[in-house]
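*Asks:* Structure below; questions to follow.
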Number of protein chains: 2
Amino acid sequence: MAGDNTPLFQRVALLGIGLIGSSLALVIRRDNLAGHVAVYTRSAETLERAEELNLGDSYHASPAGAAADADLVIFCAPLGANAALAEAVGPVLAAGACVSDVGSCKRAVIDDIKPHLPDGVHLVPAHPVAGTEHSGPDAGFAELFEGRWCILTPEPGTDRGAVDRVADFWRRTGSDVEIMDADHHDQVLAITSHLPHLIAYTIVDTATELERDLQKEVVKFSAGGFRDFTRIAASDPTMWRDVFLNNREAVLDILGRFTEDLTTLRRAIRRGDGEALQEAFTRTRAIRRGVIDAKQA
Amino acid sequence: MAGDNTPLFQRVALLGIGLIGSSLALVIRRDNLAGHVAVYTRSAETLERAEELNLGDSYHASPAGAAADADLVIFCAPLGANAALAEAVGPVLAAGACVSDVGSCKRAVIDDIKPHLPDGVHLVPAHPVAGTEHSGPDAGFAELFEGRWCILTPEPGTDRGAVDRVADFWRRTGSDVEIMDADHHDQVLAITSHLPHLIAYTIVDTATELERDLQKEVVKFSAGGFRDFTRIAASDPTMWRDVFLNNREAVLDILGRFTEDLTTLRRAIRRGDGEALQEAFTRTRAIRRGVIDAKQA
């Protein structure tokens, strides 16, 4: 669709205007992806800020106000808000409308939103694998999705035309679109994203418990590796709370394997087993080469 | 010493010519920090490569050959090689010579090197907190130390003039020099560098055990956080094996605390305790702010 400048939707409603919502607002406006952007967010203060930033065409204190007459509604709030939002907007959605979202867990999104949608409304869940450690409407930028994956997880039997329209929309934000089963998505992302964030939060939390002088030195000499973890662990707390509450099983499963592997390495360190350590540290290089070959480095 | 272009040493011997050794060779040549650079490395192939890259002024198949007549000898091999190298060079070192190193653990360096040094030779251990995930003589670049910390851990009673000369040398590589007790260094770095590397190696190792199709997807969607860990876990396996063998106690101590904290978060996930998760994820933001304020971000 490169070069196509026709709006794909008449009216897009953004329910939530944090990092992802505001970035969507900016790319929609820049590339004329919709005729009208209606913004809803829970906090009056944030809604006002969104208006100051000129992120939308209309601003609404109720989700139904934003979603009325929309042909695309995108849930951009933390996962825990989805069920109540879906309940609020369901009654105003017209047959033929598309519903998408930006959540990091996909089974929970389907479970929370789908029961509230009237017949003829098409749910095409989406996960743009993009973000920064910043949050809020000021954090958005139109290029956020450029060259990043957006994973769609429509249920079998979802209207083909609706999937295509939502896929086109995400492609026109600059994303590469991949279609995947929701449960499989949750398993893959538990490994590539949820566990890394949990580990980063943990290691930084461990540092917060150090005595004050030592903590200052840890910050001062953080360039040795710790720094990268602090960046990951600066991500939005509410968003990540909801990720772990909504992808519990896949996260606990991979966390169990991780803990086993850590125990094995810990034993090797205690025993002074250099061979086991070197073997493990050599194995991991193959994955890095894979990441580089996949142009994800 | 900015602007000063007088060589600080007549002859610097580099024992080892990996990422750090080759970067030192390049910055010494660029900024005229020594009159002569003598290179030794264990592998004949690597020594030949160093010569092809024109990293030094002379190339030696024995550590004593490189160290003879040197007024500064820098140990740049993995930690496990230090004792044997020190034994080999000790007899050729003249009174007044300085010995430094680049190792990530400092107590072990003192224990391994000091017994082999003749009287009047000054040991000023150094840890440039700088690096990349690349290794070998081709990986070096003269700017590696620019704006990074270099921690010196001379023992009490070390000749003040020798400490000053070695500190000047490191400052002229572009580093900010900090002086610290060796044991304290090992405790701080266990947190800021050794534990993060161990965790990164572990999480990537966990991924290597996944079934093949899933592993490919993990690589494909690695941008969600995993990617950053693969970069850290691509560091030199021998170097890191030796770090864990040589800073065992401090690493096991901080690893114990980390494991406790991870267990606490795991329990919160299993119980669906959103409050505990959000509290932990909010606490960690203060550290990130500290890192940014310390200009280490």
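Identifiers in the structure tokens: chain A, B, ... in order shown; residue index from 1 per chain; ligand index from 1 in order shown.
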Using only C-alpha atoms, determine which residues lie at most 10 Å from A:Ala250, disregarding the query and same-chain residues fewer than 2 positions distant; provide the list as an MDAnalysis selection string.

*Replies:* chainID A and resid 183:184 186:191 194:195 244 246:248 252:256

*Asks:* Can you tell me which residues surround B:Arg231 at a distance of at most 12 Å, considering only C-alpha atoms, apart from same-chain residues fewer than 3 positions away, and format the answer as a VMD selection string?

*Replies:* (chain A and resid 225 228 284 to 292 296 to 297) or (chain B and resid 131 to 134 196 to 197 200 to 201 203 to 204 222 to 223 225 to 228 234 to 236)

*Asks:* Residues within 7 Å of stretch 99-114 of chain A, please, as a PyMOL selection string. Count only C-alpha atoms; anything in the same chain fewer than 4 positions from it doesn't count.

*Replies:* chain A and resi 72-76+79+82-83+86+122-128+153+182-183+185-186+243+246-247

*Asks:* Could you dump the residues just selected with C-alpha atoms as a tab-separated table (two decimals), in the first residue's frame?

*Replies:*
chain	number	residue	atom	x	y	z
A	72	LEU	CA	-12.20	1.20	13.85
A	73	VAL	CA	-11.89	1.17	17.63
A	74	ILE	CA	-8.42	0.52	19.06
A	75	PHE	CA	-8.05	-0.41	22.71
A	76	CYS	CA	-4.83	1.28	23.90
A	79	LEU	CA	-4.94	-4.82	29.63
A	82	ASN	CA	-10.26	-3.91	28.49
A	83	ALA	CA	-13.32	-5.72	29.87
A	86	ALA	CA	-15.58	-3.26	25.91
A	122	HIS	CA	-15.01	-7.80	13.87
A	123	LEU	CA	-12.33	-8.32	16.51
A	124	VAL	CA	-8.78	-8.34	15.08
A	125	PRO	CA	-6.41	-8.23	18.07
A	126	ALA	CA	-3.01	-6.67	17.39
A	127	HIS	CA	0.28	-6.45	19.20
A	128	PRO	CA	2.73	-3.91	17.82
A	153	THR	CA	-4.22	-12.83	16.32
A	182	ALA	CA	-3.34	-16.03	20.19
A	183	ASP	CA	-2.06	-18.75	22.54
A	185	HIS	CA	1.66	-15.47	20.54
A	186	ASP	CA	1.44	-15.51	24.32
A	243	VAL	CA	0.88	-8.28	31.36
A	246	ASN	CA	-2.86	-11.77	31.98
A	247	ASN	CA	-0.17	-14.15	30.76
